[in-house]
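Student: Here you go, this is final.txt (compact mmCIF, N, CA and C atoms).
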# COMPACT_ATOMS: atom_id res chain seq x y z
N MET A 1 -20.39 -25.02 -35.72
CA MET A 1 -20.28 -25.88 -34.56
C MET A 1 -19.12 -25.44 -33.66
N THR A 2 -17.99 -25.10 -34.28
CA THR A 2 -16.82 -24.66 -33.53
C THR A 2 -17.13 -23.36 -32.79
N ARG A 3 -17.86 -22.49 -33.45
CA ARG A 3 -18.21 -21.21 -32.85
C ARG A 3 -19.07 -21.41 -31.60
N ILE A 4 -20.02 -22.29 -31.67
CA ILE A 4 -20.89 -22.58 -30.52
C ILE A 4 -20.07 -23.18 -29.38
N LEU A 5 -19.16 -24.06 -29.71
CA LEU A 5 -18.30 -24.67 -28.70
C LEU A 5 -17.43 -23.62 -28.01
N LEU A 6 -16.85 -22.68 -28.77
CA LEU A 6 -16.04 -21.61 -28.19
C LEU A 6 -16.86 -20.70 -27.28
N ILE A 7 -18.07 -20.38 -27.70
CA ILE A 7 -18.95 -19.55 -26.87
C ILE A 7 -19.27 -20.28 -25.57
N PHE A 8 -19.61 -21.57 -25.66
CA PHE A 8 -19.93 -22.35 -24.49
C PHE A 8 -18.74 -22.41 -23.53
N LEU A 9 -17.54 -22.65 -24.05
CA LEU A 9 -16.34 -22.72 -23.22
C LEU A 9 -16.04 -21.37 -22.57
N SER A 10 -16.24 -20.29 -23.30
CA SER A 10 -16.00 -18.95 -22.75
C SER A 10 -16.94 -18.65 -21.59
N VAL A 11 -18.23 -18.97 -21.77
CA VAL A 11 -19.21 -18.75 -20.71
C VAL A 11 -18.88 -19.62 -19.50
N ALA A 12 -18.50 -20.85 -19.73
CA ALA A 12 -18.15 -21.76 -18.64
C ALA A 12 -16.94 -21.24 -17.87
N LEU A 13 -15.93 -20.76 -18.58
CA LEU A 13 -14.73 -20.24 -17.93
C LEU A 13 -15.05 -19.01 -17.09
N ILE A 14 -15.87 -18.12 -17.61
CA ILE A 14 -16.26 -16.92 -16.86
C ILE A 14 -17.04 -17.32 -15.61
N THR A 15 -17.96 -18.25 -15.76
CA THR A 15 -18.77 -18.69 -14.63
C THR A 15 -17.91 -19.32 -13.54
N ILE A 16 -16.94 -20.10 -13.94
CA ILE A 16 -16.07 -20.76 -12.97
C ILE A 16 -15.15 -19.76 -12.27
N SER A 17 -14.66 -18.75 -13.00
CA SER A 17 -13.68 -17.82 -12.43
C SER A 17 -14.30 -16.68 -11.63
N LEU A 18 -15.60 -16.44 -11.74
CA LEU A 18 -16.23 -15.31 -11.03
C LEU A 18 -16.00 -15.33 -9.53
N PRO A 19 -16.13 -16.46 -8.84
CA PRO A 19 -15.90 -16.42 -7.39
C PRO A 19 -14.47 -16.08 -7.00
N PHE A 20 -13.54 -16.16 -7.94
CA PHE A 20 -12.13 -15.94 -7.62
C PHE A 20 -11.63 -14.57 -8.03
N THR A 21 -12.50 -13.72 -8.54
CA THR A 21 -12.08 -12.40 -8.97
C THR A 21 -12.15 -11.43 -7.80
N ALA A 22 -11.31 -10.43 -7.82
CA ALA A 22 -11.27 -9.42 -6.77
C ALA A 22 -11.69 -8.09 -7.35
N LYS A 23 -12.46 -7.36 -6.59
CA LYS A 23 -12.87 -6.04 -7.02
C LYS A 23 -11.95 -5.02 -6.39
N VAL A 24 -11.33 -4.19 -7.20
CA VAL A 24 -10.43 -3.16 -6.71
C VAL A 24 -11.05 -1.81 -7.05
N SER A 25 -11.12 -0.97 -6.06
CA SER A 25 -11.71 0.34 -6.26
C SER A 25 -10.74 1.41 -5.79
N ALA A 26 -10.61 2.46 -6.55
CA ALA A 26 -9.72 3.56 -6.17
C ALA A 26 -10.51 4.69 -5.52
N ASN A 27 -11.74 4.42 -5.14
CA ASN A 27 -12.56 5.43 -4.51
C ASN A 27 -12.17 5.55 -3.05
N ASN A 28 -11.64 6.69 -2.67
CA ASN A 28 -11.18 6.90 -1.30
C ASN A 28 -12.20 7.64 -0.45
N ASP A 29 -13.44 7.81 -0.95
CA ASP A 29 -14.44 8.55 -0.20
C ASP A 29 -14.80 7.88 1.11
N SER A 30 -14.81 6.57 1.12
CA SER A 30 -15.20 5.84 2.32
C SER A 30 -13.99 5.13 2.90
N SER A 31 -13.76 5.31 4.19
CA SER A 31 -12.64 4.63 4.82
C SER A 31 -13.14 3.44 5.64
N GLN A 32 -14.40 3.05 5.45
CA GLN A 32 -14.98 1.96 6.19
C GLN A 32 -14.83 0.65 5.44
N GLU A 33 -14.55 -0.42 6.18
CA GLU A 33 -14.54 -1.74 5.59
C GLU A 33 -15.98 -2.17 5.34
N ILE A 34 -16.18 -2.91 4.27
CA ILE A 34 -17.51 -3.40 3.94
C ILE A 34 -17.45 -4.92 3.90
N GLN A 35 -18.31 -5.58 4.66
CA GLN A 35 -18.33 -7.04 4.64
C GLN A 35 -19.55 -7.49 3.83
N HIS A 36 -19.30 -8.33 2.82
CA HIS A 36 -20.35 -8.84 1.96
C HIS A 36 -20.93 -10.12 2.55
N PHE A 37 -22.08 -10.52 2.03
CA PHE A 37 -22.77 -11.71 2.53
C PHE A 37 -21.95 -12.98 2.40
N ASP A 38 -21.01 -13.01 1.45
CA ASP A 38 -20.21 -14.23 1.26
C ASP A 38 -18.95 -14.23 2.12
N GLY A 39 -18.80 -13.25 3.02
CA GLY A 39 -17.65 -13.21 3.91
C GLY A 39 -16.49 -12.38 3.39
N THR A 40 -16.58 -11.88 2.16
CA THR A 40 -15.53 -11.06 1.58
C THR A 40 -15.52 -9.70 2.27
N ILE A 41 -14.33 -9.25 2.65
CA ILE A 41 -14.19 -7.92 3.25
C ILE A 41 -13.50 -7.03 2.24
N VAL A 42 -14.12 -5.90 1.93
CA VAL A 42 -13.57 -4.94 0.99
C VAL A 42 -13.03 -3.76 1.78
N VAL A 43 -11.74 -3.48 1.60
CA VAL A 43 -11.10 -2.35 2.27
C VAL A 43 -10.74 -1.34 1.20
N PRO A 44 -11.27 -0.12 1.27
CA PRO A 44 -10.97 0.88 0.24
C PRO A 44 -9.46 1.13 0.12
N VAL A 45 -9.01 1.31 -1.12
CA VAL A 45 -7.60 1.55 -1.39
C VAL A 45 -7.16 2.81 -0.66
N GLY A 46 -6.01 2.74 0.00
CA GLY A 46 -5.48 3.90 0.70
C GLY A 46 -5.92 4.02 2.13
N SER A 47 -6.85 3.19 2.56
CA SER A 47 -7.34 3.31 3.93
C SER A 47 -6.85 2.19 4.84
N GLN A 48 -6.02 1.29 4.30
CA GLN A 48 -5.59 0.14 5.08
C GLN A 48 -4.91 0.54 6.37
N SER A 49 -4.19 1.62 6.38
CA SER A 49 -3.46 2.01 7.60
C SER A 49 -3.89 3.39 8.09
N ASN A 50 -5.14 3.77 7.78
CA ASN A 50 -5.61 5.10 8.18
C ASN A 50 -5.47 5.35 9.67
N GLN A 51 -5.91 4.40 10.48
CA GLN A 51 -5.84 4.59 11.93
C GLN A 51 -4.40 4.71 12.39
N LEU A 52 -3.52 3.86 11.86
CA LEU A 52 -2.11 3.91 12.23
C LEU A 52 -1.46 5.20 11.75
N ARG A 53 -1.81 5.66 10.54
CA ARG A 53 -1.25 6.89 10.01
C ARG A 53 -1.60 8.09 10.89
N HIS A 54 -2.80 8.09 11.47
CA HIS A 54 -3.22 9.21 12.30
C HIS A 54 -2.72 9.10 13.73
N SER A 55 -2.14 7.95 14.09
CA SER A 55 -1.70 7.76 15.46
C SER A 55 -0.23 8.14 15.68
N GLN A 56 0.50 8.47 14.61
CA GLN A 56 1.89 8.86 14.78
C GLN A 56 2.27 9.91 13.75
N ALA A 57 3.27 10.71 14.10
CA ALA A 57 3.75 11.75 13.19
C ALA A 57 4.57 11.09 12.10
N LEU A 58 4.26 11.39 10.85
CA LEU A 58 4.97 10.81 9.72
C LEU A 58 5.68 11.89 8.92
N PRO A 59 6.87 11.56 8.41
CA PRO A 59 7.53 12.49 7.50
C PRO A 59 6.68 12.69 6.25
N GLU A 60 6.65 13.90 5.76
CA GLU A 60 5.85 14.22 4.59
C GLU A 60 6.73 14.45 3.37
N TYR A 61 6.12 14.31 2.21
CA TYR A 61 6.82 14.51 0.95
C TYR A 61 7.55 15.85 0.95
N GLY A 62 8.82 15.82 0.58
CA GLY A 62 9.60 17.04 0.45
C GLY A 62 10.40 17.45 1.68
N GLN A 63 10.12 16.83 2.83
CA GLN A 63 10.90 17.17 4.02
C GLN A 63 12.34 16.70 3.83
N THR A 64 13.26 17.35 4.53
CA THR A 64 14.67 17.00 4.40
C THR A 64 15.03 15.87 5.36
N MET A 65 16.20 15.28 5.12
CA MET A 65 16.70 14.23 6.01
C MET A 65 16.88 14.76 7.43
N ASP A 66 17.34 16.00 7.56
CA ASP A 66 17.50 16.61 8.89
C ASP A 66 16.15 16.74 9.60
N ASP A 67 15.10 17.13 8.84
CA ASP A 67 13.76 17.23 9.43
C ASP A 67 13.30 15.87 9.97
N VAL A 68 13.55 14.82 9.18
CA VAL A 68 13.13 13.48 9.59
C VAL A 68 13.92 13.01 10.80
N LYS A 69 15.20 13.32 10.82
CA LYS A 69 16.03 12.93 11.97
C LYS A 69 15.55 13.62 13.24
N LYS A 70 15.13 14.89 13.13
CA LYS A 70 14.59 15.61 14.29
C LYS A 70 13.26 15.01 14.74
N LEU A 71 12.45 14.57 13.78
CA LEU A 71 11.14 14.03 14.08
C LEU A 71 11.19 12.61 14.65
N LEU A 72 12.03 11.75 14.04
CA LEU A 72 12.03 10.32 14.38
C LEU A 72 13.31 9.82 15.03
N GLY A 73 14.37 10.59 14.97
CA GLY A 73 15.65 10.13 15.49
C GLY A 73 16.45 9.42 14.41
N THR A 74 17.50 8.75 14.82
CA THR A 74 18.38 8.05 13.88
C THR A 74 17.77 6.71 13.51
N ALA A 75 17.77 6.40 12.22
CA ALA A 75 17.22 5.14 11.73
C ALA A 75 18.14 3.98 12.13
N SER A 76 17.55 2.81 12.34
CA SER A 76 18.36 1.65 12.72
C SER A 76 19.05 1.02 11.52
N GLN A 77 18.50 1.27 10.33
CA GLN A 77 19.10 0.69 9.13
C GLN A 77 18.91 1.67 7.98
N THR A 78 19.97 1.87 7.19
CA THR A 78 19.88 2.74 6.02
C THR A 78 20.53 2.05 4.83
N ASP A 79 19.95 2.29 3.66
CA ASP A 79 20.49 1.77 2.40
C ASP A 79 20.36 2.86 1.36
N THR A 80 21.34 2.95 0.46
CA THR A 80 21.28 3.89 -0.65
C THR A 80 21.63 3.16 -1.93
N ILE A 81 20.80 3.34 -2.98
CA ILE A 81 21.08 2.72 -4.27
C ILE A 81 20.73 3.69 -5.39
N GLY A 82 21.30 3.43 -6.57
CA GLY A 82 20.89 4.10 -7.80
C GLY A 82 21.38 5.50 -8.00
N GLU A 83 20.98 6.01 -9.16
CA GLU A 83 21.31 7.37 -9.56
C GLU A 83 20.09 7.95 -10.26
N PRO A 84 19.36 8.91 -9.74
CA PRO A 84 19.66 9.63 -8.52
C PRO A 84 19.53 8.72 -7.31
N ALA A 85 20.24 9.07 -6.27
CA ALA A 85 20.31 8.24 -5.07
C ALA A 85 18.94 8.14 -4.40
N ILE A 86 18.51 6.89 -4.18
CA ILE A 86 17.31 6.60 -3.40
C ILE A 86 17.78 5.97 -2.09
N THR A 87 17.42 6.61 -1.00
CA THR A 87 17.86 6.15 0.32
C THR A 87 16.66 5.67 1.11
N ARG A 88 16.86 4.58 1.84
CA ARG A 88 15.80 4.01 2.68
C ARG A 88 16.25 4.05 4.13
N TRP A 89 15.44 4.65 4.98
CA TRP A 89 15.68 4.63 6.41
C TRP A 89 14.61 3.77 7.04
N TYR A 90 15.03 2.81 7.86
CA TYR A 90 14.10 1.86 8.48
C TYR A 90 14.06 2.07 9.99
N TYR A 91 12.85 2.19 10.53
CA TYR A 91 12.61 2.36 11.96
C TYR A 91 11.74 1.19 12.44
N PRO A 92 12.35 0.07 12.88
CA PRO A 92 11.56 -1.12 13.23
C PRO A 92 10.65 -0.91 14.45
N ASP A 93 11.08 -0.12 15.42
CA ASP A 93 10.25 0.09 16.60
C ASP A 93 8.99 0.88 16.28
N GLN A 94 9.02 1.65 15.21
CA GLN A 94 7.84 2.42 14.79
C GLN A 94 7.15 1.79 13.58
N ARG A 95 7.67 0.62 13.12
CA ARG A 95 7.14 -0.08 11.94
C ARG A 95 7.03 0.87 10.75
N LEU A 96 8.12 1.57 10.47
CA LEU A 96 8.10 2.64 9.48
C LEU A 96 9.35 2.62 8.62
N THR A 97 9.19 2.85 7.33
CA THR A 97 10.31 3.05 6.41
C THR A 97 10.09 4.38 5.70
N VAL A 98 11.15 5.16 5.60
CA VAL A 98 11.09 6.45 4.90
C VAL A 98 12.03 6.36 3.70
N TYR A 99 11.52 6.73 2.52
CA TYR A 99 12.31 6.71 1.29
C TYR A 99 12.63 8.14 0.88
N PHE A 100 13.87 8.36 0.51
CA PHE A 100 14.34 9.68 0.08
C PHE A 100 14.87 9.62 -1.34
N GLU A 101 14.72 10.72 -2.06
CA GLU A 101 15.45 10.92 -3.31
C GLU A 101 16.36 12.09 -3.04
N GLY A 102 17.66 11.82 -3.09
CA GLY A 102 18.61 12.84 -2.67
C GLY A 102 18.43 13.09 -1.18
N GLU A 103 18.13 14.32 -0.82
CA GLU A 103 17.95 14.70 0.59
C GLU A 103 16.49 14.89 0.98
N ARG A 104 15.55 14.59 0.07
CA ARG A 104 14.13 14.88 0.30
C ARG A 104 13.28 13.62 0.40
N VAL A 105 12.26 13.65 1.26
CA VAL A 105 11.35 12.52 1.44
C VAL A 105 10.51 12.31 0.18
N LEU A 106 10.51 11.06 -0.29
CA LEU A 106 9.61 10.66 -1.37
C LEU A 106 8.32 10.07 -0.79
N ARG A 107 8.48 9.17 0.19
CA ARG A 107 7.35 8.42 0.70
C ARG A 107 7.66 7.87 2.08
N SER A 108 6.63 7.83 2.94
CA SER A 108 6.72 7.18 4.23
C SER A 108 5.79 5.98 4.20
N VAL A 109 6.30 4.82 4.61
CA VAL A 109 5.51 3.59 4.54
C VAL A 109 5.39 2.99 5.92
N ILE A 110 4.16 2.78 6.37
CA ILE A 110 3.93 2.10 7.64
C ILE A 110 3.73 0.63 7.34
N HIS A 111 4.43 -0.23 8.08
CA HIS A 111 4.35 -1.67 7.86
C HIS A 111 3.23 -2.25 8.70
N ASN A 112 2.38 -3.02 8.07
CA ASN A 112 1.27 -3.67 8.76
C ASN A 112 1.78 -4.97 9.37
N THR A 113 1.65 -5.09 10.66
CA THR A 113 2.05 -6.33 11.33
C THR A 113 0.82 -6.91 11.99
N PRO A 114 0.39 -8.07 11.53
CA PRO A 114 -0.84 -8.68 12.06
C PRO A 114 -0.71 -9.11 13.49
Please express what this file holds, its structure, as structure tokens.
Tutor:
Amino acid sequence: MTRILLIFLSVALITISLPFTAKVSANNDSSQEIQHFDGTIVVPVGSQSNQLRHSQALPEYGQTMDDVKKLLGTASQTDTIGEPAITRWYYPDQRLTVYFEGERVLRSVIHNTP
């Protein structure tokens, strides 16, 4: 009897939680948003800022701080923490943050502003 009750509760819980689950896909083949019949919009991982990424020059992995300064100018805000040193340069007018390890670019992040 207990076993049947546990199975019933498990099925009920799954049925109730299905509408609240999110599907995450790492497939980057398609950069198109897909709208489902229930109004859910699926945006492929990595494509959220594709248009913005192609509309401005971004620092690339491995570039030096001098290269970034030549490309974007002086950052309005900088922070350095940790060992090895991780430095963050923030460019609010370009909605961009560049992260460095030592003197080299680790990542460029474009901020989405609705």
Student: Provide the atom CA of A:Gly62 to atom CA of A:Ile86 distance in Å, to one decimal place.
Tutor: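 Here the two named atoms are 13.5 Å from each other.
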Student: One decimal, in Å: what's the spacing between atom N of A:Gly73 and atom C of A:His111?
Tutor: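 Pair atom N of A:Gly73 / atom C of A:His111 returns 18.1 Å.
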Student: Give me the residues within 9 Å of A:Val68 as a compact mmCIF listing (two decimals) with N, CA and C atoms, in the frame of the given file, counting only C-alpha atoms and dropping any in the same chain fewer than 4 places off.
Tutor:
# COMPACT_ATOMS: atom_id res chain seq x y z
N LEU A 58 4.26 11.39 10.85
CA LEU A 58 4.97 10.81 9.72
C LEU A 58 5.68 11.89 8.92
N PRO A 59 6.87 11.56 8.41
CA PRO A 59 7.53 12.49 7.50
C PRO A 59 6.68 12.69 6.25
N GLU A 60 6.65 13.90 5.76
CA GLU A 60 5.85 14.22 4.59
C GLU A 60 6.73 14.45 3.37
N GLN A 63 10.12 16.83 2.83
CA GLN A 63 10.90 17.17 4.02
C GLN A 63 12.34 16.70 3.83
N THR A 64 13.26 17.35 4.53
CA THR A 64 14.67 17.00 4.40
C THR A 64 15.03 15.87 5.36
N LEU A 72 12.03 11.75 14.04
CA LEU A 72 12.03 10.32 14.38
C LEU A 72 13.31 9.82 15.03
N GLY A 73 14.37 10.59 14.97
CA GLY A 73 15.65 10.13 15.49
C GLY A 73 16.45 9.42 14.41
N THR A 74 17.50 8.75 14.82
CA THR A 74 18.38 8.05 13.88
C THR A 74 17.77 6.71 13.51
N VAL A 98 11.15 5.16 5.60
CA VAL A 98 11.09 6.45 4.90
C VAL A 98 12.03 6.36 3.70
N VAL A 105 12.26 13.65 1.26
CA VAL A 105 11.35 12.52 1.44
C VAL A 105 10.51 12.31 0.18
Student: Just want the 12 Å neighbourhood of A:Gly102, counted on only C-alpha atoms, with same-chain residues fewer than 2 positions away dropped. Output as a ChimeraX atom specification.
Tutor: /A:62-65,80-88,99-100,104-106
Student: In Å to one decimal, how far is atom C of A:Asn112 from atom CA of A:Lys70?
Tutor: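 Atom C of A:Asn112 lies at a distance of 24.7 Å from atom CA of A:Lys70.
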